[in-house]
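Peer 1: Take a look at target-v1.pdb, PDB, C-alpha atoms:
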ATOM      1  CA  MET G   1     -91.313 -50.699 -25.616
ATOM      2  CA  GLY G   2     -89.754 -52.801 -28.316
ATOM      3  CA  THR G   3     -86.344 -51.243 -27.818
ATOM      4  CA  ARG G   4     -83.050 -51.802 -26.043
ATOM      5  CA  ALA G   5     -82.492 -50.294 -22.596
ATOM      6  CA  ASN G   6     -79.028 -49.349 -21.355
ATOM      7  CA  LEU G   7     -78.167 -48.049 -17.894
ATOM      8  CA  VAL G   8     -74.886 -46.497 -16.787
ATOM      9  CA  ILE G   9     -74.835 -46.165 -13.007
ATOM     10  CA  HIS G  10     -72.009 -44.895 -10.812
ATOM     11  CA  ALA G  11     -72.618 -46.492  -7.413
ATOM     12  CA  HIS G  12     -70.584 -47.252  -4.286
ATOM     13  CA  ASP G  13     -71.167 -50.984  -4.633
ATOM     14  CA  GLN G  14     -72.456 -53.547  -7.129
ATOM     15  CA  GLU G  15     -75.429 -54.590  -5.030
ATOM     16  CA  ALA G  16     -76.843 -51.072  -4.856
ATOM     17  CA  ALA G  17     -76.503 -50.695  -8.634
ATOM     18  CA  GLU G  18     -78.164 -54.037  -9.344
ATOM     19  CA  GLU G  19     -81.076 -53.335  -7.009
ATOM     20  CA  ALA G  20     -81.583 -49.927  -8.600
ATOM     21  CA  ALA G  21     -81.424 -51.385 -12.102
ATOM     22  CA  GLU G  22     -84.085 -53.944 -11.215
ATOM     23  CA  ALA G  23     -86.345 -51.179  -9.909
ATOM     24  CA  VAL G  24     -85.781 -49.208 -13.113
ATOM     25  CA  PHE G  25     -86.727 -52.096 -15.377
ATOM     26  CA  GLU G  26     -89.859 -52.754 -13.327
ATOM     27  CA  ARG G  27     -90.868 -49.093 -13.674
ATOM     28  CA  VAL G  28     -90.251 -49.069 -17.416
ATOM     29  CA  ALA G  29     -92.313 -52.251 -17.791
ATOM     30  CA  ALA G  30     -95.164 -50.644 -15.841
ATOM     31  CA  ILE G  31     -95.143 -47.629 -18.157
ATOM     32  CA  GLU G  32     -95.131 -49.953 -21.173
ATOM     33  CA  ASP G  33     -98.231 -51.672 -19.786
ATOM     34  CA  VAL G  34     -99.925 -48.264 -19.906
ATOM     35  CA  LEU G  35     -98.639 -46.636 -23.105
ATOM     36  CA  SER G  36     -97.878 -49.465 -25.531
ATOM     37  CA  ASP G  37    -100.149 -49.724 -28.557
ATOM     38  CA  TRP G  38     -98.649 -53.135 -29.373
ATOM     39  CA  GLN G  39     -99.757 -54.869 -26.164
ATOM     40  CA  LEU G  40    -103.383 -55.831 -26.610
ATOM     41  CA  ASP G  41    -104.033 -55.553 -22.867
ATOM     42  CA  SER G  42    -102.378 -52.144 -22.369
ATOM     43  CA  GLU G  43    -104.356 -49.228 -21.001
ATOM     44  CA  VAL G  44    -104.271 -47.243 -24.252
ATOM     45  CA  VAL G  45    -105.540 -50.218 -26.259
ATOM     46  CA  ARG G  46    -108.393 -50.741 -23.806
ATOM     47  CA  LEU G  47    -109.382 -47.100 -24.356
ATOM     48  CA  ARG G  48    -110.385 -47.984 -27.921
ATOM     49  CA  ALA G  49    -113.602 -49.419 -26.497
ATOM     50  CA  MET G  50    -114.446 -46.095 -24.821
ATOM     51  CA  PRO G  51    -117.798 -44.778 -26.136
ATOM     52  CA  ALA G  52    -117.898 -41.328 -27.701
ATOM     53  CA  GLY G  53    -118.900 -38.604 -25.287
ATOM     54  CA  SER G  54    -118.058 -40.665 -22.229
ATOM     55  CA  SER G  55    -115.439 -40.232 -19.505
ATOM     56  CA  ILE G  56    -113.286 -42.811 -17.756
ATOM     57  CA  VAL G  57    -110.850 -42.960 -14.842
ATOM     58  CA  ILE G  58    -107.280 -43.331 -16.091
ATOM     59  CA  SER G  59    -103.964 -44.059 -14.434
ATOM     60  CA  HIS G  60    -101.667 -41.313 -13.213
ATOM     61  CA  ASP G  61     -99.060 -42.452 -15.741
ATOM     62  CA  LEU G  62    -101.476 -42.043 -18.632
ATOM     63  CA  ASP G  63    -102.643 -38.690 -17.321
ATOM     64  CA  LYS G  64     -99.032 -37.502 -17.059
ATOM     65  CA  ALA G  65     -98.252 -38.686 -20.585
ATOM     66  CA  LEU G  66    -101.327 -36.925 -21.945
ATOM     67  CA  ALA G  67    -100.493 -33.688 -20.117
ATOM     68  CA  SER G  68     -96.997 -33.606 -21.636
ATOM     69  CA  SER G  69     -98.320 -34.581 -25.047
ATOM     70  CA  PHE G  70    -101.028 -31.931 -25.110
ATOM     71  CA  GLU G  71     -98.466 -29.280 -24.159
ATOM     72  CA  ILE G  72     -96.341 -30.185 -27.205
ATOM     73  CA  SER G  73     -99.440 -30.464 -29.413
ATOM     74  CA  LEU G  74    -100.450 -26.918 -28.520
ATOM     75  CA  ALA G  75     -96.967 -25.494 -29.065
ATOM     76  CA  SER G  76     -96.496 -27.342 -32.383
ATOM     77  CA  GLY G  77     -99.885 -26.435 -33.809
ATOM     78  CA  GLY G  78    -100.883 -30.101 -33.963
ATOM     79  CA  ALA G  79     -97.717 -31.359 -35.683
ATOM     80  CA  PHE G  80     -97.405 -33.605 -32.630
ATOM     81  CA  ASP G  81    -100.588 -35.488 -31.759
ATOM     82  CA  VAL G  82    -100.828 -38.765 -29.834
ATOM     83  CA  THR G  83    -104.409 -39.296 -31.015
ATOM     84  CA  CYS G  84    -103.127 -40.410 -34.434
ATOM     85  CA  GLY G  85    -103.298 -44.103 -33.530
ATOM     86  CA  ARG G  86    -105.657 -44.952 -36.381
ATOM     87  CA  LEU G  87    -103.183 -43.457 -38.843
ATOM     88  CA  THR G  88    -100.346 -45.410 -37.238
ATOM     89  CA  HIS G  89    -102.297 -48.645 -37.601
ATOM     90  CA  LEU G  90    -103.143 -47.845 -41.233
ATOM     91  CA  TRP G  91     -99.565 -47.073 -42.241
ATOM     92  CA  ARG G  92     -98.202 -50.142 -40.453
ATOM     93  CA  GLY G  93    -100.396 -52.167 -42.763
ATOM     94  CA  ALA G  94     -99.140 -50.192 -45.745
ATOM     95  CA  LYS G  95     -95.544 -50.864 -44.737
ATOM     96  CA  GLN G  96     -96.198 -54.601 -44.505
ATOM     97  CA  ALA G  97     -98.012 -54.640 -47.849
ATOM     98  CA  GLY G  98     -95.535 -52.314 -49.563
ATOM     99  CA  ARG G  99     -98.397 -50.220 -50.976
ATOM    100  CA  LEU G 100     -99.619 -46.717 -50.211
ATOM    101  CA  PRO G 101    -102.983 -46.578 -48.416
ATOM    102  CA  SER G 102    -105.882 -45.070 -50.326
ATOM    103  CA  ARG G 103    -106.719 -41.393 -49.977
ATOM    104  CA  ASP G 104    -110.119 -42.283 -48.521
ATOM    105  CA  SER G 105    -108.632 -44.588 -45.883
ATOM    106  CA  ILE G 106    -106.103 -41.915 -44.890
ATOM    107  CA  GLU G 107    -108.801 -39.291 -44.554
ATOM    108  CA  GLU G 108    -111.013 -41.623 -42.517
ATOM    109  CA  ALA G 109    -108.169 -42.448 -40.128
ATOM    110  CA  ARG G 110    -107.096 -38.805 -39.876
ATOM    111  CA  ALA G 111    -110.635 -37.662 -39.105
ATOM    112  CA  GLY G 112    -110.771 -40.092 -36.180
ATOM    113  CA  GLY G 113    -108.027 -38.213 -34.327
ATOM    114  CA  GLY G 114    -107.514 -34.749 -32.906
ATOM    115  CA  TRP G 115    -106.015 -34.052 -29.492
ATOM    116  CA  GLN G 116    -108.523 -31.274 -28.841
ATOM    117  CA  GLN G 117    -111.285 -33.895 -28.830
ATOM    118  CA  LEU G 118    -109.941 -35.230 -25.526
ATOM    119  CA  GLU G 119    -110.116 -33.524 -22.152
ATOM    120  CA  ARG G 120    -108.305 -34.353 -18.937
ATOM    121  CA  ILE G 121    -110.541 -34.041 -15.865
ATOM    122  CA  ALA G 122    -109.795 -34.201 -12.160
ATOM    123  CA  GLY G 123    -112.201 -36.787 -10.736
ATOM    124  CA  GLN G 124    -112.934 -37.919  -7.193
ATOM    125  CA  ASP G 125    -111.392 -41.320  -7.861
ATOM    126  CA  GLY G 126    -108.399 -39.992  -9.752
ATOM    127  CA  PRO G 127    -107.637 -38.392 -13.121
ATOM    128  CA  MET G 128    -110.227 -38.885 -15.824
ATOM    129  CA  LEU G 129    -110.310 -38.676 -19.594
ATOM    130  CA  GLN G 130    -113.309 -37.459 -21.540
ATOM    131  CA  SER G 131    -113.770 -38.090 -25.245
ATOM    132  CA  GLN G 132    -115.879 -35.571 -27.112
ATOM    133  CA  SER G 133    -116.053 -37.594 -30.332
ATOM    134  CA  GLY G 134    -115.122 -41.185 -31.133
ATOM    135  CA  SER G 135    -113.132 -43.673 -29.092
ATOM    136  CA  PRO G 136    -109.478 -42.593 -28.790
ATOM    137  CA  TRP G 137    -106.693 -44.499 -30.526
ATOM    138  CA  LEU G 138    -103.518 -43.244 -28.900
ATOM    139  CA  ASP G 139     -99.929 -43.602 -30.098
ATOM    140  CA  PHE G 140     -97.211 -42.502 -27.668
ATOM    141  CA  GLY G 141     -94.370 -43.605 -29.937
ATOM    142  CA  GLY G 142     -93.082 -40.038 -30.132
ATOM    143  CA  ILE G 143     -92.886 -39.382 -26.396
ATOM    144  CA  GLY G 144     -93.249 -42.622 -24.428
ATOM    145  CA  LYS G 145     -89.583 -43.638 -24.389
ATOM    146  CA  GLY G 146     -88.578 -40.180 -23.217
ATOM    147  CA  MET G 147     -91.105 -40.273 -20.405
ATOM    148  CA  ALA G 148     -89.975 -43.754 -19.348
ATOM    149  CA  ALA G 149     -86.333 -42.625 -19.364
ATOM    150  CA  ASP G 150     -87.184 -39.659 -17.124
ATOM    151  CA  GLU G 151     -89.078 -41.896 -14.718
ATOM    152  CA  ALA G 152     -86.153 -44.335 -14.645
ATOM    153  CA  LEU G 153     -83.655 -41.584 -13.888
ATOM    154  CA  ASP G 154     -85.917 -40.326 -11.089
ATOM    155  CA  ILE G 155     -85.723 -43.753  -9.446
ATOM    156  CA  LEU G 156     -81.927 -43.713  -9.595
ATOM    157  CA  GLN G 157     -81.690 -40.165  -8.266
ATOM    158  CA  ASN G 158     -84.070 -40.949  -5.412
ATOM    159  CA  ARG G 159     -81.678 -43.741  -4.420
ATOM    160  CA  GLY G 160     -78.771 -41.302  -4.347
ATOM    161  CA  LEU G 161     -77.442 -42.549  -7.700
ATOM    162  CA  ASP G 162     -77.662 -39.239  -9.502
ATOM    163  CA  ARG G 163     -74.494 -39.880 -11.556
ATOM    164  CA  SER G 164     -76.400 -42.057 -13.983
ATOM    165  CA  LEU G 165     -77.579 -42.222 -17.580
ATOM    166  CA  VAL G 166     -80.660 -44.007 -18.933
ATOM    167  CA  ASP G 167     -80.763 -44.824 -22.645
ATOM    168  CA  LEU G 168     -83.981 -46.250 -24.111
ATOM    169  CA  GLY G 169     -83.445 -46.807 -27.794
ATOM    170  CA  GLY G 170     -81.469 -43.587 -28.191
ATOM    171  CA  ASP G 171     -83.690 -41.468 -25.959
ATOM    172  CA  MET G 172     -81.536 -40.516 -22.993
ATOM    173  CA  ALA G 173     -82.251 -39.125 -19.534
ATOM    174  CA  ILE G 174     -78.926 -37.865 -18.243
ATOM    175  CA  GLY G 175     -78.068 -37.158 -14.624
ATOM    176  CA  SER G 176     -75.122 -35.468 -12.946
ATOM    177  CA  PRO G 177     -71.651 -35.848 -14.534
ATOM    178  CA  PRO G 178     -69.641 -39.000 -13.871
ATOM    179  CA  PRO G 179     -66.947 -38.722 -11.196
ATOM    180  CA  GLY G 180     -64.119 -36.449 -12.301
ATOM    181  CA  LYS G 181     -65.899 -35.404 -15.491
ATOM    182  CA  SER G 182     -67.631 -32.187 -16.544
ATOM    183  CA  GLY G 183     -70.441 -34.105 -18.222
ATOM    184  CA  TRP G 184     -71.457 -37.087 -20.330
ATOM    185  CA  ARG G 185     -69.952 -37.174 -23.813
ATOM    186  CA  ILE G 186     -72.513 -37.704 -26.567
ATOM    187  CA  GLU G 187     -70.645 -38.516 -29.751
ATOM    188  CA  ALA G 188     -72.614 -38.132 -32.973
ATOM    189  CA  LEU G 189     -71.484 -39.793 -36.165
ATOM    190  CA  ASN G 190     -71.163 -37.534 -39.216
ATOM    191  CA  GLN G 191     -70.957 -34.544 -36.882
ATOM    192  CA  GLU G 192     -67.849 -32.551 -36.135
ATOM    193  CA  ARG G 193     -69.033 -31.818 -32.624
ATOM    194  CA  THR G 194     -69.169 -33.809 -29.419
ATOM    195  CA  LEU G 195     -71.709 -32.742 -26.838
ATOM    196  CA  VAL G 196     -70.738 -32.754 -23.168
ATOM    197  CA  VAL G 197     -74.012 -32.609 -21.234
ATOM    198  CA  SER G 198     -75.550 -33.358 -17.845
ATOM    199  CA  GLN G 199     -78.936 -33.131 -16.136
ATOM    200  CA  CYS G 200     -80.879 -33.058 -19.381
ATOM    201  CA  GLY G 201     -82.600 -35.198 -21.989
ATOM    202  CA  VAL G 202     -81.254 -36.140 -25.420
ATOM    203  CA  ALA G 203     -83.325 -37.782 -28.132
ATOM    204  CA  THR G 204     -83.016 -38.607 -31.813
ATOM    205  CA  SER G 205     -85.798 -39.056 -34.323
ATOM    206  CA  GLY G 206     -86.041 -39.392 -38.073
ATOM    207  CA  SER G 207     -85.704 -41.894 -40.874
ATOM    208  CA  THR G 208     -82.017 -42.824 -40.938
ATOM    209  CA  GLU G 209     -82.669 -46.104 -39.121
ATOM    210  CA  GLN G 210     -86.475 -46.282 -39.023
ATOM    211  CA  PHE G 211     -88.166 -45.912 -42.404
ATOM    212  CA  MET G 212     -90.506 -47.700 -44.779
ATOM    213  CA  LEU G 213     -90.366 -48.510 -48.472
ATOM    214  CA  VAL G 214     -93.813 -48.103 -50.018
ATOM    215  CA  ASP G 215     -94.465 -48.194 -53.781
ATOM    216  CA  GLY G 216     -90.769 -47.594 -54.374
ATOM    217  CA  HIS G 217     -90.628 -44.528 -52.114
ATOM    218  CA  ARG G 218     -88.478 -44.309 -48.986
ATOM    219  CA  LEU G 219     -90.574 -42.584 -46.329
ATOM    220  CA  SER G 220     -90.101 -41.808 -42.674
ATOM    221  CA  HIS G 221     -91.854 -44.027 -40.148
ATOM    222  CA  LEU G 222     -93.338 -40.812 -38.721
ATOM    223  CA  LEU G 223     -96.672 -39.376 -39.833
ATOM    224  CA  HIS G 224     -97.959 -35.843 -40.071
ATOM    225  CA  PRO G 225    -101.141 -35.891 -37.957
ATOM    226  CA  LYS G 226    -102.722 -32.963 -39.806
ATOM    227  CA  THR G 227    -102.349 -34.460 -43.298
ATOM    228  CA  GLY G 228    -102.322 -38.155 -42.483
ATOM    229  CA  GLN G 229     -99.324 -38.674 -44.758
ATOM    230  CA  ALA G 230     -95.981 -40.259 -43.980
ATOM    231  CA  VAL G 231     -93.386 -37.498 -43.929
ATOM    232  CA  PRO G 232     -90.537 -37.447 -46.474
ATOM    233  CA  ASP G 233     -87.153 -38.891 -45.642
ATOM    234  CA  ARG G 234     -85.387 -35.950 -43.974
ATOM    235  CA  GLY G 235     -82.597 -37.837 -42.252
ATOM    236  CA  SER G 236     -82.364 -37.708 -38.463
ATOM    237  CA  PHE G 237     -82.570 -35.010 -35.838
ATOM    238  CA  THR G 238     -81.241 -34.770 -32.319
ATOM    239  CA  VAL G 239     -82.706 -32.592 -29.595
ATOM    240  CA  VAL G 240     -81.198 -31.651 -26.231
ATOM    241  CA  ALA G 241     -83.827 -30.454 -23.744
ATOM    242  CA  PRO G 242     -84.355 -30.145 -19.986
ATOM    243  CA  THR G 243     -86.055 -33.566 -19.928
ATOM    244  CA  ALA G 244     -86.015 -36.681 -22.085
ATOM    245  CA  THR G 245     -89.787 -36.332 -22.474
ATOM    246  CA  GLN G 246     -89.378 -32.920 -24.101
ATOM    247  CA  ALA G 247     -86.412 -34.046 -26.170
ATOM    248  CA  ASP G 248     -88.283 -37.092 -27.478
ATOM    249  CA  ALA G 249     -91.372 -35.118 -28.476
ATOM    250  CA  TRP G 250     -89.518 -32.192 -30.063
ATOM    251  CA  ALA G 251     -87.286 -34.566 -32.029
ATOM    252  CA  SER G 252     -90.471 -36.065 -33.463
ATOM    253  CA  VAL G 253     -91.787 -32.603 -34.310
ATOM    254  CA  ALA G 254     -88.521 -31.718 -36.057
ATOM    255  CA  ALA G 255     -88.706 -34.864 -38.138
ATOM    256  CA  VAL G 256     -92.267 -33.981 -39.197
ATOM    257  CA  VAL G 257     -91.967 -30.246 -39.971
ATOM    258  CA  GLY G 258     -88.201 -29.731 -40.256
ATOM    259  CA  VAL G 259     -85.692 -28.317 -37.810
ATOM    260  CA  GLU G 260     -86.155 -24.644 -38.643
ATOM    261  CA  ALA G 261     -89.934 -24.823 -38.291
ATOM    262  CA  ALA G 262     -89.595 -26.720 -35.010
ATOM    263  CA  ARG G 263     -87.199 -24.126 -33.647
ATOM    264  CA  GLY G 264     -89.790 -21.457 -34.338
ATOM    265  CA  MET G 265     -92.390 -23.318 -32.297
ATOM    266  CA  VAL G 266     -90.318 -23.552 -29.123
ATOM    267  CA  ASP G 267     -90.719 -20.987 -26.362
ATOM    268  CA  PRO G 268     -87.486 -18.927 -26.411
ATOM    269  CA  ALA G 269     -87.314 -19.291 -22.623
ATOM    270  CA  GLN G 270     -86.879 -23.059 -22.983
ATOM    271  CA  GLU G 271     -83.344 -24.366 -23.350
ATOM    272  CA  ILE G 272     -83.848 -26.672 -26.325
ATOM    273  CA  LEU G 273     -81.102 -27.386 -28.865
ATOM    274  CA  PHE G 274     -81.764 -28.926 -32.296
ATOM    275  CA  ILE G 275     -79.040 -30.739 -34.228
ATOM    276  CA  GLU G 276     -79.609 -31.884 -37.824
ATOM    277  CA  GLU G 277     -78.701 -34.896 -39.918
ATOM    278  CA  ARG G 278     -76.915 -37.387 -37.789
ATOM    279  CA  GLU G 279     -76.955 -41.145 -38.174
ATOM    280  CA  ASP G 280     -76.162 -42.531 -34.759
ATOM    281  CA  SER G 281     -74.870 -41.621 -31.326
ATOM    282  CA  THR G 282     -73.019 -43.206 -28.471
ATOM    283  CA  ALA G 283     -72.812 -42.009 -24.909
ATOM    284  CA  ASN G 284     -69.629 -42.301 -22.906
ATOM    285  CA  PRO G 285     -68.697 -41.165 -19.393
TER     286      PRO G 285
END
Could you write out this file's structure as structure tokens?

Peer 2:
Amino acid sequence: MGTRANLVIHAHDQEAAEEAAEAVFERVAAIEDVLSDWQLDSEVVRLRAMPAGSSIVISHDLDKALASSFEISLASGGAFDVTCGRLTHLWRGAKQAGRLPSRDSIEEARAGGGWQQLERIAGQDGPMLQSQSGSPWLDFGGIGKGMAADEALDILQNRGLDRSLVDLGGDMAIGSPPPGKSGWRIEALNQERTLVVSQCGVATSGSTEQFMLVDGHRLSHLLHPKTGQAVPDRGSFTVVAPTATQADAWASVAAVVGVEAARGMVDPAQEILFIEEREDSTANP
């Protein structure tokens, strides 16, 4: 996933921890083979050849990622949309060239997306995806690491190693507290608070570390799917949620629409905490 993976595992012996870590990295690699839009042979890249109006059998991992993504898309009014892959590709080129893309190219790429143009179907041979318009270009950059972190933590918990933490590029799936502790300490720079959390997900998004300079403007690496524009530099945002998948996606939403707007989109029954303007975090037992 083009990021660094860190595992903290409290185990009875070194061998059990090493075997579990190997299983985790294999699982994360398998998810990358499905969701990466950088790997030319990944499942989401192969979907670009899917004819409009057709349906195709997809993997359970892709179906799960789409289900979670569509849930956030609905709640956010489309501020989160994994079908914005054409826009992602366009703005990557703009970043490399250092020039803003043309209004026509933005509109063309934006018009090629829309999560409501895709439908998940239960087929006899497994989950299926149906495209109502053009071939889908998917970008799971705003949720994929969170999903992979959750899947990794599940592997550790299923092996009885529930006192563990998975960190994929700052997106964390956090298990039960370390021995003798009330929780995992998440220390945020430029914040006067230290979070002590367990059995949750923590994710950070924004433009403090990831940004682009285009025509002299510093812009976030994140795009607004409804306008096709790169969002302004708003700093970074941290979200604590029941799962890393939710935290990852809602952190992306906050970076696109702002923290206050994102808070208003969340179901009050969900335990989701937004924290503004932080530059970095470290996790300690």

Peer 1: Counting only C-alpha atoms, which residues in region 127-192 of chain G sit no more than 7 Å from region 14-30 of chain G? For each one, give the nearest pair of atoms and the distance in Å, sorted by chain then residue number, as CSV.

Peer 2:
residue,atom,partner,partner_atom,distance
G:Ala148,CA,G:Val28,CA,5.7
G:Ala152,CA,G:Val24,CA,5.1
G:Ile155,CA,G:Val24,CA,6.6
G:Leu156,CA,G:Ala20,CA,6.3

Peer 1: Next, the residues of the selection above should be written as a PDB file, keeping the file's coordinate frame with C-alpha atoms.

Peer 2:
ATOM      1  CA  ALA G 148     -89.975 -43.754 -19.348  1.00  0.00           C
ATOM      2  CA  ALA G 152     -86.153 -44.335 -14.645  1.00  0.00           C
ATOM      3  CA  ILE G 155     -85.723 -43.753  -9.446  1.00  0.00           C
ATOM      4  CA  LEU G 156     -81.927 -43.713  -9.595  1.00  0.00           C
TER       5      LEU G 156
END

Peer 1: With all atoms listed in the file as the basis for distance, which of G:Leu223, G:Ile31, G:Cys84, G:Leu74 is at the shortest distance from Trp137 (chain G)?

Peer 2: G:Cys84

Peer 1: Give the answer as one residue: which of G:Asp248, G:Asp233, G:Asp41, G:Asp13 has the shortest atom-to-atom distance to Phe80 (chain G), using all atoms listed in the file?

Peer 2: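 Using all atoms listed in the file, the shortest distance to Phe80 (chain G) belongs to G:Asp248.
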
Peer 1: Which residues match the PyMOL selection byres ((chain G and resi 234-244) around 6) in the file above, as a list of chain:residue names?

Peer 2: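 Applying the expression gives G:Gly146, G:Asp150, G:Met172, G:Ala173, G:Cys200, G:Gly201, G:Val202, G:Ala203, G:Thr204, G:Ser205, G:Gly206, G:Ser207, G:Thr208, G:Pro232, G:Asp233, G:Thr245, G:Gln246, G:Ala247, G:Asp248, G:Ala251, G:Ile272, G:Leu273, G:Phe274, G:Ile275, G:Glu276, G:Glu277, G:Arg278.
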
Peer 1: Please produce an output containing C-alpha atoms for each residue in the selection, written as a PDB file, in the frame of the given file.

Peer 2:
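New file result_18.pdb:
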ATOM      1  CA  GLY G 146     -88.578 -40.180 -23.217  1.00  0.00           C
ATOM      2  CA  ASP G 150     -87.184 -39.659 -17.124  1.00  0.00           C
ATOM      3  CA  MET G 172     -81.536 -40.516 -22.993  1.00  0.00           C
ATOM      4  CA  ALA G 173     -82.251 -39.125 -19.534  1.00  0.00           C
ATOM      5  CA  CYS G 200     -80.879 -33.058 -19.381  1.00  0.00           C
ATOM      6  CA  GLY G 201     -82.600 -35.198 -21.989  1.00  0.00           C
ATOM      7  CA  VAL G 202     -81.254 -36.140 -25.420  1.00  0.00           C
ATOM      8  CA  ALA G 203     -83.325 -37.782 -28.132  1.00  0.00           C
ATOM      9  CA  THR G 204     -83.016 -38.607 -31.813  1.00  0.00           C
ATOM     10  CA  SER G 205     -85.798 -39.056 -34.323  1.00  0.00           C
ATOM     11  CA  GLY G 206     -86.041 -39.392 -38.073  1.00  0.00           C
ATOM     12  CA  SER G 207     -85.704 -41.894 -40.874  1.00  0.00           C
ATOM     13  CA  THR G 208     -82.017 -42.824 -40.938  1.00  0.00           C
ATOM     14  CA  PRO G 232     -90.537 -37.447 -46.474  1.00  0.00           C
ATOM     15  CA  ASP G 233     -87.153 -38.891 -45.642  1.00  0.00           C
ATOM     16  CA  THR G 245     -89.787 -36.332 -22.474  1.00  0.00           C
ATOM     17  CA  GLN G 246     -89.378 -32.920 -24.101  1.00  0.00           C
ATOM     18  CA  ALA G 247     -86.412 -34.046 -26.170  1.00  0.00           C
ATOM     19  CA  ASP G 248     -88.283 -37.092 -27.478  1.00  0.00           C
ATOM     20  CA  ALA G 251     -87.286 -34.566 -32.029  1.00  0.00           C
ATOM     21  CA  ILE G 272     -83.848 -26.672 -26.325  1.00  0.00           C
ATOM     22  CA  LEU G 273     -81.102 -27.386 -28.865  1.00  0.00           C
ATOM     23  CA  PHE G 274     -81.764 -28.926 -32.296  1.00  0.00           C
ATOM     24  CA  ILE G 275     -79.040 -30.739 -34.228  1.00  0.00           C
ATOM     25  CA  GLU G 276     -79.609 -31.884 -37.824  1.00  0.00           C
ATOM     26  CA  GLU G 277     -78.701 -34.896 -39.918  1.00  0.00           C
ATOM     27  CA  ARG G 278     -76.915 -37.387 -37.789  1.00  0.00           C
TER      28      ARG G 278
END

Peer 1: Between CA of Met128 (chain G) and CA of Val44 (chain G), measure the distance and give it in Å to one decimal.

Peer 2: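 One can read the CA of Met128 (chain G) to CA of Val44 (chain G) distance as 13.3 Å.
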
Peer 1: Could you state which residues are captured by the PyMOL selection byres ((chain G and resi 262) around 10) in this file, as a ChimeraX atom specification?

Peer 2: /G:75-76,79,250-261,263-266,274

Peer 1: Please save C-alpha atoms of the selected residues as a PDB file, in the frame of the given file.

Peer 2:
ATOM      1  CA  ALA G  75     -96.967 -25.494 -29.065  1.00  0.00           C
ATOM      2  CA  SER G  76     -96.496 -27.342 -32.383  1.00  0.00           C
ATOM      3  CA  ALA G  79     -97.717 -31.359 -35.683  1.00  0.00           C
ATOM      4  CA  TRP G 250     -89.518 -32.192 -30.063  1.00  0.00           C
ATOM      5  CA  ALA G 251     -87.286 -34.566 -32.029  1.00  0.00           C
ATOM      6  CA  SER G 252     -90.471 -36.065 -33.463  1.00  0.00           C
ATOM      7  CA  VAL G 253     -91.787 -32.603 -34.310  1.00  0.00           C
ATOM      8  CA  ALA G 254     -88.521 -31.718 -36.057  1.00  0.00           C
ATOM      9  CA  ALA G 255     -88.706 -34.864 -38.138  1.00  0.00           C
ATOM     10  CA  VAL G 256     -92.267 -33.981 -39.197  1.00  0.00           C
ATOM     11  CA  VAL G 257     -91.967 -30.246 -39.971  1.00  0.00           C
ATOM     12  CA  GLY G 258     -88.201 -29.731 -40.256  1.00  0.00           C
ATOM     13  CA  VAL G 259     -85.692 -28.317 -37.810  1.00  0.00           C
ATOM     14  CA  GLU G 260     -86.155 -24.644 -38.643  1.00  0.00           C
ATOM     15  CA  ALA G 261     -89.934 -24.823 -38.291  1.00  0.00           C
ATOM     16  CA  ARG G 263     -87.199 -24.126 -33.647  1.00  0.00           C
ATOM     17  CA  GLY G 264     -89.790 -21.457 -34.338  1.00  0.00           C
ATOM     18  CA  MET G 265     -92.390 -23.318 -32.297  1.00  0.00           C
ATOM     19  CA  VAL G 266     -90.318 -23.552 -29.123  1.00  0.00           C
ATOM     20  CA  PHE G 274     -81.764 -28.926 -32.296  1.00  0.00           C
TER      21      PHE G 274
END

Peer 1: Provide the CA of Val34 (chain G) to CA of Leu62 (chain G) distance in Å, to one decimal place.

Peer 2: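 So the two atoms, CA of Val34 (chain G) and CA of Leu62 (chain G), lie 6.5 Å apart.
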
Peer 1: What does the PyMOL selection byres ((chain G and resi 94) around 12) select in this file, as a count of residues only?

Peer 2: 25

Peer 1: Quick one: what's the axis-aligned box for region 92-98 of chain G, all listed atoms, 4 Å on every side, centre and edges in Å to one decimal, as lines of an AutoDock Vina configuration file?

Peer 2:
center_x = -98.0
center_y = -52.4
center_z = -45.0
size_x = 12.9
size_y = 12.5
size_z = 17.1

Peer 1: I want to know what sits within 7 Å of Gln199 (chain G), based on all atoms listed in the file, with residues of the same chain fewer than 2 positions away left out; could you give that as number ranges by chain?

Peer 2: G: 174-176

Peer 1: Provide the CA of Gly53 (chain G) to CA of Gln132 (chain G) distance in Å, to one decimal place.

Peer 2: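 It comes out at 4.7 Å.
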
Peer 1: Under the rule that only C-alpha atoms are counted, which of G:Ile56, G:Leu161, G:Ile143, G:Val82 is the nearest residue to Ile121 (chain G)?

Peer 2: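 Using only C-alpha atoms, Ile121 (chain G) sits closest to G:Ile56.
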
Peer 1: Measuring atom to atom with only C-alpha atoms, identify which of G:Gly170, G:Pro268, G:Gly142, G:Gly134 is nearest to His224 (chain G).

Peer 2: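 Going through G:Gly170, G:Pro268, G:Gly142, G:Gly134 one by one, the smallest distance to His224 (chain G) is for G:Gly142.
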
Peer 1: What's the 12 Å shell around Gly183 (chain G), counting only C-alpha atoms, without same-chain residues fewer than 3 positions away, as a list in words?

Peer 2: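 Near Gly183 (chain G), the qualifying residues are Arg163, Ser164, Leu165, Ile174, Gly175, Ser176, Pro177, Pro178, Pro179, Gly180, Ile186, Thr194, Leu195, Val196, Val197, Ser198, Gln199, Cys200, Ala283, Asn284 and Pro285 of chain G.
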
Peer 1: So, counting all atoms listed in the file, which residue among G:Ser68, G:Ser59, G:Ser36, G:Gln116 is closest to Gly85 (chain G)?

Peer 2: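 Of the candidates, the smallest distance to Gly85 (chain G) is held by G:Ser36.
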
Peer 1: Which residues, written as number ranges by chain, have at least one atom at most 7 Å from Arg4 (chain G), with all atoms listed in the file counted and residues fewer than 2 positions away on the same chain left out?

Peer 2: G: 6, 168-169
